[in-house]
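Visitor: Before anything else, here's the structure in question.
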Amino acid sequence: MSNQSIGLSDKLYNYLLTNSVREPEILTQLRSATAKHPLANMQISPEQGQLMGLLVQLIGAKKCLEIGVFTGYSTLVVALNLPADGRIIACDVSDEFTAIGIKYWQQAGVNDKIDLHIAPALETLDRLLANGEAGTVDFAFIDADKNNYAAYYDRCLQLVRQGGLILVDNVLWYGRVADPAMNEDKRTQAIKQLNQQIYHDDRVQISLIPIGDGLTIARKK
């Protein structure tokens with residue numbers, strides 16, 4: 001839930017953008033369209049999107065999974081970095097939000113790489129597991145309702161192959177994870193608990209980086 005990296009001054013953040021981010025025009029257009037939405041802060045930042053695209057290419061991903069689509073910026077980032085035979089399974093519950101992104105997916109020519117499921121994500125994930133797709137996903141991105149983060153992580157760990165990546169967004173939660181005054185907030189509790197769970201999970205190698213609103217990268221051993 002941060003459309004720019006937290007903790008940076010405006011001056012330093014603008015420097016980062018102008019000296020690092022190479023955003024394709026179609027992504028800029030979608031980001032601009034989303035900026036008009038009252039929930040625009042739910043979109044990932046362009047520098048985080050660029051990192052995700054780089055990771056998709058670095059591991060040679062062909063089968064990806066996204067939990068939480070919103071207006072489809074992160075979906076488009078991943079799709080643009082997949083090979084012609086790659087695909088992303090995108091999970092969301094909102095026709096309204098995802099409709100914003102679909103036209104940009106189509107304009108970018110990647111709509112056929114995106115398998116959109118409008119349903120509770122846990123239902124979709126459990127169906128994938130029931131269909132024998134455990135260990136077949138190269139790259140998974142979790143950015144949805146925080147109270148289900150632990151359940152999403154559990155399913156993703158089953159679905160992702162050895163050497164595959166799980167990315168978890170909003171793990172710094174605007175700094176609330178380090179604020180004792182937020183200890184009673186259920187979403188903050190859920191994120192803190194998952195952060196600890198992943199930290200102690202020896203099935204993965206991890207790095208929590210302060211990009212966007214905090215991003216954990218977990219590589220399945």
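How things are named: the first chain in the structure tokens is A, the next is B, and so on; residues count from 1 in each chain; ligands count from 1 in the order shown.
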Name the residues of segment 10-211 of chain A that come out as helix (DSSP H, G or I) in a backbone DSSP run; write them as a short mmCIF file (atom, residue, chain, number, x, y, z; two decimals) with N, CA, C and O atoms, in the first residue's frame.

Guide:
data_model
loop_
_atom_site.label_atom_id
_atom_site.label_comp_id
_atom_site.auth_asym_id
_atom_site.auth_seq_id
_atom_site.Cartn_x
_atom_site.Cartn_y
_atom_site.Cartn_z
N ASP A 10 11.48 13.71 -0.68
CA ASP A 10 11.01 13.90 -2.05
C ASP A 10 12.17 14.11 -3.00
O ASP A 10 12.18 13.58 -4.13
N LYS A 11 13.16 14.86 -2.56
CA LYS A 11 14.32 15.15 -3.40
C LYS A 11 15.08 13.87 -3.74
O LYS A 11 15.45 13.63 -4.90
N LEU A 12 15.31 13.02 -2.73
CA LEU A 12 16.06 11.79 -2.95
C LEU A 12 15.23 10.79 -3.76
O LEU A 12 15.76 10.08 -4.62
N TYR A 13 13.92 10.77 -3.50
CA TYR A 13 13.06 9.84 -4.25
C TYR A 13 13.02 10.23 -5.72
O TYR A 13 13.09 9.37 -6.61
N ASN A 14 12.93 11.52 -6.02
CA ASN A 14 12.94 11.96 -7.41
C ASN A 14 14.27 11.62 -8.08
O ASN A 14 14.30 11.27 -9.27
N TYR A 15 15.35 11.70 -7.33
CA TYR A 15 16.65 11.31 -7.87
C TYR A 15 16.64 9.82 -8.22
O TYR A 15 17.13 9.40 -9.29
N LEU A 16 16.09 9.00 -7.31
CA LEU A 16 16.00 7.57 -7.56
C LEU A 16 15.23 7.29 -8.85
O LEU A 16 15.66 6.50 -9.70
N LEU A 17 14.09 7.96 -9.02
CA LEU A 17 13.26 7.74 -10.20
C LEU A 17 14.00 8.13 -11.47
O LEU A 17 13.98 7.39 -12.46
N THR A 18 14.64 9.29 -11.46
CA THR A 18 15.24 9.81 -12.69
C THR A 18 16.54 9.12 -13.04
O THR A 18 17.00 9.21 -14.19
N ASN A 19 17.14 8.41 -12.09
CA ASN A 19 18.41 7.75 -12.34
C ASN A 19 18.33 6.24 -12.29
O ASN A 19 19.36 5.55 -12.35
N SER A 20 17.11 5.71 -12.19
CA SER A 20 16.99 4.26 -12.08
C SER A 20 15.81 3.69 -12.86
O SER A 20 15.96 2.70 -13.57
N GLU A 25 6.09 3.03 -21.46
CA GLU A 25 5.01 4.00 -21.56
C GLU A 25 3.67 3.42 -21.12
O GLU A 25 2.87 4.10 -20.47
N ILE A 26 3.41 2.16 -21.46
CA ILE A 26 2.11 1.57 -21.11
C ILE A 26 1.96 1.46 -19.60
O ILE A 26 0.86 1.63 -19.06
N LEU A 27 3.07 1.22 -18.89
CA LEU A 27 3.02 1.18 -17.43
C LEU A 27 2.80 2.58 -16.86
O LEU A 27 2.06 2.75 -15.89
N THR A 28 3.44 3.56 -17.46
CA THR A 28 3.25 4.94 -17.02
C THR A 28 1.79 5.35 -17.18
O THR A 28 1.20 6.00 -16.31
N GLN A 29 1.18 4.95 -18.28
CA GLN A 29 -0.23 5.28 -18.54
C GLN A 29 -1.13 4.63 -17.49
O GLN A 29 -2.06 5.27 -16.97
N LEU A 30 -0.88 3.36 -17.18
CA LEU A 30 -1.70 2.68 -16.18
C LEU A 30 -1.49 3.30 -14.79
O LEU A 30 -2.46 3.48 -14.04
N ARG A 31 -0.26 3.64 -14.48
CA ARG A 31 0.01 4.25 -13.17
C ARG A 31 -0.68 5.61 -13.07
O ARG A 31 -1.22 5.97 -12.01
N SER A 32 -0.70 6.36 -14.16
CA SER A 32 -1.36 7.66 -14.17
C SER A 32 -2.86 7.52 -14.01
O SER A 32 -3.52 8.29 -13.30
N ALA A 33 -3.43 6.51 -14.67
CA ALA A 33 -4.87 6.26 -14.55
C ALA A 33 -5.22 5.85 -13.12
O ALA A 33 -6.24 6.30 -12.57
N THR A 34 -4.37 5.04 -12.50
CA THR A 34 -4.62 4.59 -11.13
C THR A 34 -4.48 5.73 -10.13
O THR A 34 -5.16 5.75 -9.10
N ALA A 35 -3.62 6.69 -10.43
CA ALA A 35 -3.39 7.82 -9.53
C ALA A 35 -4.66 8.62 -9.27
O ALA A 35 -4.77 9.31 -8.26
N ALA A 40 -5.52 4.90 -4.68
CA ALA A 40 -4.31 4.84 -5.50
C ALA A 40 -3.09 4.38 -4.72
O ALA A 40 -2.15 3.82 -5.30
N ASN A 41 -3.06 4.60 -3.41
CA ASN A 41 -1.89 4.21 -2.63
C ASN A 41 -1.74 2.69 -2.52
O ASN A 41 -0.74 2.19 -2.03
N MET A 42 -2.74 1.94 -3.02
CA MET A 42 -2.64 0.48 -3.01
C MET A 42 -1.74 -0.04 -4.15
O MET A 42 -1.36 -1.21 -4.15
N PRO A 46 6.78 2.35 -8.91
CA PRO A 46 7.44 1.94 -10.16
C PRO A 46 8.80 1.30 -9.93
O PRO A 46 9.18 0.39 -10.67
N GLU A 47 9.53 1.75 -8.92
CA GLU A 47 10.84 1.14 -8.65
C GLU A 47 10.68 -0.30 -8.15
O GLU A 47 11.50 -1.17 -8.46
N GLN A 48 9.61 -0.55 -7.41
CA GLN A 48 9.35 -1.94 -6.98
C GLN A 48 8.93 -2.79 -8.17
O GLN A 48 9.37 -3.93 -8.31
N GLY A 49 8.12 -2.22 -9.05
CA GLY A 49 7.72 -2.96 -10.24
C GLY A 49 8.92 -3.34 -11.09
O GLY A 49 9.02 -4.46 -11.59
N GLN A 50 9.84 -2.40 -11.24
CA GLN A 50 11.03 -2.67 -12.04
C GLN A 50 11.86 -3.79 -11.41
O GLN A 50 12.38 -4.66 -12.13
N LEU A 51 11.98 -3.79 -10.09
CA LEU A 51 12.69 -4.87 -9.40
C LEU A 51 12.01 -6.21 -9.65
O LEU A 51 12.67 -7.22 -9.93
N MET A 52 10.68 -6.23 -9.56
CA MET A 52 9.96 -7.47 -9.77
C MET A 52 10.17 -8.00 -11.18
O MET A 52 10.38 -9.21 -11.38
N GLY A 53 10.12 -7.10 -12.16
CA GLY A 53 10.36 -7.52 -13.53
C GLY A 53 11.74 -8.10 -13.72
O GLY A 53 11.93 -9.11 -14.43
N LEU A 54 12.74 -7.50 -13.08
CA LEU A 54 14.11 -7.99 -13.16
C LEU A 54 14.22 -9.38 -12.54
O LEU A 54 14.87 -10.28 -13.10
N LEU A 55 13.57 -9.57 -11.39
CA LEU A 55 13.62 -10.88 -10.73
C LEU A 55 12.96 -11.96 -11.59
O LEU A 55 13.46 -13.10 -11.67
N VAL A 56 11.84 -11.62 -12.21
CA VAL A 56 11.16 -12.58 -13.10
C VAL A 56 12.11 -13.03 -14.21
O VAL A 56 12.20 -14.22 -14.52
N GLN A 57 12.85 -12.08 -14.78
CA GLN A 57 13.79 -12.43 -15.84
C GLN A 57 15.00 -13.19 -15.30
O GLN A 57 15.47 -14.15 -15.92
N LEU A 58 15.49 -12.80 -14.13
CA LEU A 58 16.69 -13.44 -13.57
C LEU A 58 16.49 -14.93 -13.31
O LEU A 58 17.41 -15.72 -13.49
N TYR A 73 -1.29 -3.08 -12.26
CA TYR A 73 0.06 -2.59 -12.59
C TYR A 73 1.09 -3.69 -12.39
O TYR A 73 1.91 -3.97 -13.29
N SER A 74 1.09 -4.33 -11.22
CA SER A 74 2.07 -5.38 -10.96
C SER A 74 1.87 -6.56 -11.89
O SER A 74 2.83 -7.21 -12.32
N THR A 75 0.62 -6.86 -12.23
CA THR A 75 0.32 -7.93 -13.17
C THR A 75 0.96 -7.62 -14.52
O THR A 75 1.57 -8.50 -15.16
N LEU A 76 0.80 -6.39 -14.96
CA LEU A 76 1.36 -5.97 -16.25
C LEU A 76 2.88 -6.00 -16.23
O LEU A 76 3.51 -6.43 -17.21
N VAL A 77 3.48 -5.56 -15.13
CA VAL A 77 4.93 -5.62 -15.00
C VAL A 77 5.43 -7.04 -15.21
O VAL A 77 6.37 -7.30 -15.98
N VAL A 78 4.81 -8.00 -14.51
CA VAL A 78 5.24 -9.38 -14.62
C VAL A 78 5.02 -9.91 -16.03
O VAL A 78 5.91 -10.53 -16.64
N ALA A 79 3.84 -9.66 -16.57
CA ALA A 79 3.51 -10.17 -17.92
C ALA A 79 4.47 -9.65 -18.97
O ALA A 79 4.87 -10.38 -19.89
N LEU A 80 4.86 -8.38 -18.86
CA LEU A 80 5.79 -7.79 -19.83
C LEU A 80 7.16 -8.44 -19.77
O LEU A 80 7.92 -8.41 -20.76
N ASP A 95 -14.14 -7.09 -9.76
CA ASP A 95 -14.27 -6.82 -11.20
C ASP A 95 -14.03 -5.35 -11.48
O ASP A 95 -13.46 -5.00 -12.53
N GLU A 96 -14.45 -4.49 -10.56
CA GLU A 96 -14.35 -3.05 -10.76
C GLU A 96 -12.89 -2.61 -10.87
O GLU A 96 -12.51 -1.87 -11.79
N PHE A 97 -12.06 -3.04 -9.93
CA PHE A 97 -10.65 -2.64 -9.93
C PHE A 97 -9.90 -3.24 -11.12
O PHE A 97 -9.16 -2.55 -11.82
N THR A 98 -10.07 -4.53 -11.33
CA THR A 98 -9.30 -5.20 -12.37
C THR A 98 -9.69 -4.73 -13.77
O THR A 98 -8.86 -4.76 -14.69
N ALA A 99 -10.93 -4.26 -13.93
CA ALA A 99 -11.37 -3.76 -15.23
C ALA A 99 -10.51 -2.58 -15.70
O ALA A 99 -10.33 -2.37 -16.91
N ILE A 100 -9.99 -1.82 -14.74
CA ILE A 100 -9.13 -0.68 -15.10
C ILE A 100 -7.87 -1.18 -15.80
O ILE A 100 -7.43 -0.61 -16.81
N GLY A 101 -7.32 -2.26 -15.29
CA GLY A 101 -6.07 -2.77 -15.86
C GLY A 101 -6.23 -3.55 -17.14
O GLY A 101 -5.32 -3.56 -17.97
N ILE A 102 -7.37 -4.20 -17.32
CA ILE A 102 -7.52 -5.10 -18.46
C ILE A 102 -7.28 -4.41 -19.79
O ILE A 102 -6.63 -4.96 -20.69
N LYS A 103 -7.77 -3.19 -19.94
CA LYS A 103 -7.59 -2.51 -21.23
C LYS A 103 -6.12 -2.20 -21.49
O LYS A 103 -5.67 -2.20 -22.65
N TYR A 104 -5.34 -1.97 -20.43
CA TYR A 104 -3.91 -1.73 -20.60
C TYR A 104 -3.17 -3.03 -20.90
O TYR A 104 -2.20 -3.03 -21.67
N TRP A 105 -3.63 -4.13 -20.30
CA TRP A 105 -3.07 -5.45 -20.65
C TRP A 105 -3.27 -5.71 -22.13
O TRP A 105 -2.38 -6.19 -22.82
N GLN A 106 -4.47 -5.39 -22.61
CA GLN A 106 -4.78 -5.62 -24.01
C GLN A 106 -3.93 -4.73 -24.91
O GLN A 106 -3.39 -5.19 -25.92
N GLN A 107 -3.80 -3.46 -24.55
CA GLN A 107 -2.99 -2.54 -25.35
C GLN A 107 -1.53 -2.98 -25.40
O GLN A 107 -0.85 -2.79 -26.42
N ALA A 108 -1.05 -3.57 -24.31
CA ALA A 108 0.34 -4.03 -24.24
C ALA A 108 0.54 -5.36 -24.97
O ALA A 108 1.69 -5.79 -25.16
N ASN A 111 -2.46 -9.72 -22.81
CA ASN A 111 -3.67 -10.22 -22.17
C ASN A 111 -3.74 -11.74 -22.18
O ASN A 111 -4.28 -12.37 -21.26
N ASP A 112 -3.17 -12.37 -23.24
CA ASP A 112 -3.22 -13.82 -23.33
C ASP A 112 -2.26 -14.51 -22.37
O ASP A 112 -2.33 -15.73 -22.18
N LYS A 113 -1.38 -13.73 -21.73
CA LYS A 113 -0.48 -14.30 -20.71
C LYS A 113 -1.10 -14.26 -19.31
O LYS A 113 -0.54 -14.83 -18.38
N ALA A 121 -9.04 -15.57 -3.09
CA ALA A 121 -7.77 -16.15 -3.54
C ALA A 121 -7.51 -17.53 -2.95
O ALA A 121 -6.96 -18.40 -3.63
N LEU A 122 -7.90 -17.74 -1.70
CA LEU A 122 -7.65 -19.05 -1.10
C LEU A 122 -8.38 -20.15 -1.85
O LEU A 122 -7.88 -21.28 -1.96
N GLU A 123 -9.55 -19.85 -2.39
CA GLU A 123 -10.27 -20.84 -3.19
C GLU A 123 -9.47 -21.19 -4.45
O GLU A 123 -9.34 -22.36 -4.81
N THR A 124 -8.94 -20.18 -5.10
CA THR A 124 -8.15 -20.41 -6.31
C THR A 124 -6.88 -21.18 -5.99
O THR A 124 -6.52 -22.14 -6.69
N LEU A 125 -6.19 -20.79 -4.92
CA LEU A 125 -4.95 -21.47 -4.54
C LEU A 125 -5.19 -22.92 -4.17
O LEU A 125 -4.42 -23.81 -4.57
N ASP A 126 -6.24 -23.17 -3.41
CA ASP A 126 -6.55 -24.55 -3.02
C ASP A 126 -6.94 -25.39 -4.23
O ASP A 126 -6.64 -26.58 -4.30
N ARG A 127 -7.59 -24.75 -5.21
CA ARG A 127 -7.95 -25.48 -6.43
C ARG A 127 -6.69 -25.84 -7.22
O ARG A 127 -6.58 -26.95 -7.77
N LEU A 128 -5.73 -24.92 -7.28
CA LEU A 128 -4.47 -25.22 -7.95
C LEU A 128 -3.76 -26.40 -7.29
O LEU A 128 -3.24 -27.29 -7.97
N LEU A 129 -3.74 -26.40 -5.97
CA LEU A 129 -3.12 -27.51 -5.25
C LEU A 129 -3.86 -28.82 -5.49
O LEU A 129 -3.24 -29.87 -5.70
N ALA A 130 -5.18 -28.75 -5.47
CA ALA A 130 -5.98 -29.96 -5.70
C ALA A 130 -5.77 -30.50 -7.11
O ALA A 130 -5.91 -31.71 -7.34
N LYS A 146 -4.49 -8.34 4.44
CA LYS A 146 -3.39 -8.68 5.34
C LYS A 146 -3.76 -9.79 6.32
O LYS A 146 -2.89 -10.57 6.72
N ASN A 147 -5.00 -9.90 6.71
CA ASN A 147 -5.40 -10.91 7.67
C ASN A 147 -5.21 -12.33 7.14
O ASN A 147 -5.13 -13.28 7.92
N ASN A 148 -5.13 -12.48 5.82
CA ASN A 148 -4.92 -13.80 5.23
C ASN A 148 -3.49 -14.01 4.75
O ASN A 148 -3.20 -15.01 4.07
N TYR A 149 -2.60 -13.11 5.09
CA TYR A 149 -1.22 -13.20 4.60
C TYR A 149 -0.57 -14.55 4.93
O TYR A 149 0.11 -15.16 4.09
N ALA A 150 -0.74 -15.02 6.16
CA ALA A 150 -0.10 -16.28 6.56
C ALA A 150 -0.64 -17.44 5.73
O ALA A 150 0.13 -18.32 5.32
N ALA A 151 -1.93 -17.44 5.47
CA ALA A 151 -2.53 -18.51 4.66
C ALA A 151 -2.04 -18.44 3.22
O ALA A 151 -1.77 -19.46 2.60
N TYR A 152 -1.91 -17.22 2.69
CA TYR A 152 -1.40 -17.07 1.33
C TYR A 152 0.05 -17.57 1.25
O TYR A 152 0.43 -18.25 0.29
N TYR A 153 0.85 -17.21 2.23
CA TYR A 153 2.25 -17.64 2.24
C TYR A 153 2.33 -19.16 2.29
O TYR A 153 3.13 -19.78 1.56
N ASP A 154 1.52 -19.77 3.11
CA ASP A 154 1.51 -21.23 3.23
C ASP A 154 1.20 -21.89 1.89
O ASP A 154 1.89 -22.82 1.47
N ARG A 155 0.17 -21.39 1.20
CA ARG A 155 -0.20 -21.98 -0.10
C ARG A 155 0.89 -21.73 -1.13
O ARG A 155 1.22 -22.62 -1.93
N CYS A 156 1.45 -20.52 -1.13
CA CYS A 156 2.50 -20.21 -2.10
C CYS A 156 3.73 -21.08 -1.89
O CYS A 156 4.36 -21.51 -2.86
N LEU A 157 4.06 -21.34 -0.65
CA LEU A 157 5.22 -22.18 -0.38
C LEU A 157 5.03 -23.59 -0.94
O LEU A 157 5.99 -24.24 -1.36
N GLN A 158 3.79 -24.04 -0.95
CA GLN A 158 3.49 -25.35 -1.55
C GLN A 158 3.52 -25.28 -3.08
O GLN A 158 3.98 -26.21 -3.75
N LEU A 159 3.05 -24.19 -3.64
CA LEU A 159 2.92 -24.07 -5.09
C LEU A 159 4.23 -23.73 -5.79
O LEU A 159 4.45 -24.13 -6.95
N TRP A 173 4.66 -1.84 6.40
CA TRP A 173 3.34 -1.33 6.76
C TRP A 173 3.39 0.12 7.27
O TRP A 173 2.92 0.43 8.34
N TYR A 174 4.01 0.99 6.47
CA TYR A 174 4.14 2.41 6.82
C TYR A 174 4.83 2.63 8.16
O TYR A 174 4.59 3.63 8.83
N GLY A 175 5.65 1.69 8.58
CA GLY A 175 6.34 1.79 9.86
C GLY A 175 5.53 1.31 11.04
O GLY A 175 6.03 1.29 12.18
N ARG A 176 4.29 0.90 10.81
CA ARG A 176 3.43 0.50 11.93
C ARG A 176 3.92 -0.77 12.62
O ARG A 176 3.63 -1.00 13.80
N VAL A 177 4.66 -1.62 11.89
CA VAL A 177 5.15 -2.86 12.51
C VAL A 177 6.13 -2.57 13.65
O VAL A 177 6.33 -3.43 14.52
N ALA A 178 6.73 -1.39 13.65
CA ALA A 178 7.68 -1.02 14.71
C ALA A 178 7.09 -0.02 15.69
O ALA A 178 7.80 0.53 16.53
N PRO A 180 4.69 0.49 18.80
CA PRO A 180 3.94 -0.21 19.85
C PRO A 180 2.49 0.24 19.94
O PRO A 180 1.62 -0.54 20.37
N ALA A 181 2.18 1.46 19.53
CA ALA A 181 0.80 1.96 19.59
C ALA A 181 -0.11 1.21 18.63
O ALA A 181 -1.33 1.29 18.75
N MET A 182 0.47 0.48 17.66
CA MET A 182 -0.33 -0.24 16.67
C MET A 182 -0.47 -1.72 17.00
O MET A 182 -0.96 -2.50 16.18
N LYS A 186 -5.36 -5.32 13.97
CA LYS A 186 -5.33 -6.70 13.48
C LYS A 186 -4.47 -6.87 12.24
O LYS A 186 -3.75 -7.86 12.10
N ARG A 187 -4.53 -5.91 11.33
CA ARG A 187 -3.72 -6.04 10.12
C ARG A 187 -2.23 -5.91 10.45
O ARG A 187 -1.40 -6.66 9.91
N THR A 188 -1.91 -4.99 11.35
CA THR A 188 -0.52 -4.85 11.77
C THR A 188 -0.04 -6.12 12.46
O THR A 188 1.08 -6.60 12.20
N GLN A 189 -0.86 -6.69 13.30
CA GLN A 189 -0.52 -7.95 13.97
C GLN A 189 -0.25 -9.05 12.96
O GLN A 189 0.70 -9.82 13.09
N ALA A 190 -1.12 -9.13 11.94
CA ALA A 190 -0.99 -10.19 10.93
C ALA A 190 0.34 -10.06 10.18
O ALA A 190 1.02 -11.07 9.92
N ILE A 191 0.73 -8.84 9.84
CA ILE A 191 1.98 -8.64 9.12
C ILE A 191 3.17 -8.95 10.03
O ILE A 191 4.13 -9.62 9.61
N LYS A 192 3.12 -8.49 11.27
CA LYS A 192 4.21 -8.76 12.20
C LYS A 192 4.38 -10.26 12.42
O LYS A 192 5.51 -10.78 12.46
N GLN A 193 3.28 -10.97 12.55
CA GLN A 193 3.34 -12.41 12.77
C GLN A 193 3.94 -13.12 11.56
O GLN A 193 4.76 -14.04 11.70
N LEU A 194 3.55 -12.68 10.36
CA LEU A 194 4.10 -13.32 9.17
C LEU A 194 5.59 -12.98 9.02
O LEU A 194 6.39 -13.86 8.65
N ASN A 195 5.97 -11.75 9.33
CA ASN A 195 7.39 -11.40 9.28
C ASN A 195 8.22 -12.32 10.16
O ASN A 195 9.29 -12.79 9.77
N GLN A 196 7.72 -12.59 11.36
CA GLN A 196 8.41 -13.49 12.27
C GLN A 196 8.40 -14.94 11.76
O GLN A 196 9.40 -15.66 11.85
N GLN A 197 7.27 -15.33 11.20
CA GLN A 197 7.16 -16.69 10.67
C GLN A 197 8.18 -16.92 9.55
O GLN A 197 8.87 -17.94 9.53
N ILE A 198 8.27 -15.96 8.63
CA ILE A 198 9.21 -16.11 7.52
C ILE A 198 10.65 -16.06 8.03
O ILE A 198 11.51 -16.82 7.57
N TYR A 199 10.91 -15.18 9.00
CA TYR A 199 12.26 -15.05 9.56
C TYR A 199 12.75 -16.38 10.12
O TYR A 199 13.93 -16.74 10.00
#

Visitor: When distances are computed from only C-alpha atoms, which of A:Val137, A:Val204, A:Ile217, A:Ile118 shows the smallest separation from Asp169 of chain A?

Guide: A:Ile217

Visitor: Quick one: DSSP strand (DSSP E or B) residues in segment 18-192 of chain A, as a ChimeraX atom specification?

Guide: /A:63-67,87-92,114-118,137-142,160-169

Visitor: So how far away is atom CA of Gly60 of chain A from atom CA of Lys221 of chain A, in Å?

Guide: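 Atom CA of Lys221 of chain A sits 16.6 Å away from atom CA of Gly60 of chain A.
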
Visitor: With only C-alpha atoms as the counted atoms, please give the residues lying no more than 7 Å from Leu167 of chain A, apart from itself and same-chain residues fewer than 6 positions off, as number ranges by chain.

Guide: A: 140-142, 215-218

Visitor: Take the selection from the previous step and output its residues with C-alpha atoms, as a PDB file, in the first residue's frame.

Guide:
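Contents of out.pdb, freshly written:
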ATOM      1  CA  ALA A 140       4.586 -15.578  -6.553  1.00  0.00           C
ATOM      2  CA  PHE A 141       3.621 -12.098  -5.347  1.00  0.00           C
ATOM      3  CA  ILE A 142       1.398 -11.574  -2.288  1.00  0.00           C
ATOM      4  CA  LEU A 215       9.127  -6.127   0.352  1.00  0.00           C
ATOM      5  CA  THR A 216      10.244  -9.556   1.533  1.00  0.00           C
ATOM      6  CA  ILE A 217      11.885 -11.770  -1.055  1.00  0.00           C
ATOM      7  CA  ALA A 218      11.900 -15.439  -0.076  1.00  0.00           C
TER       8      ALA A 218
END
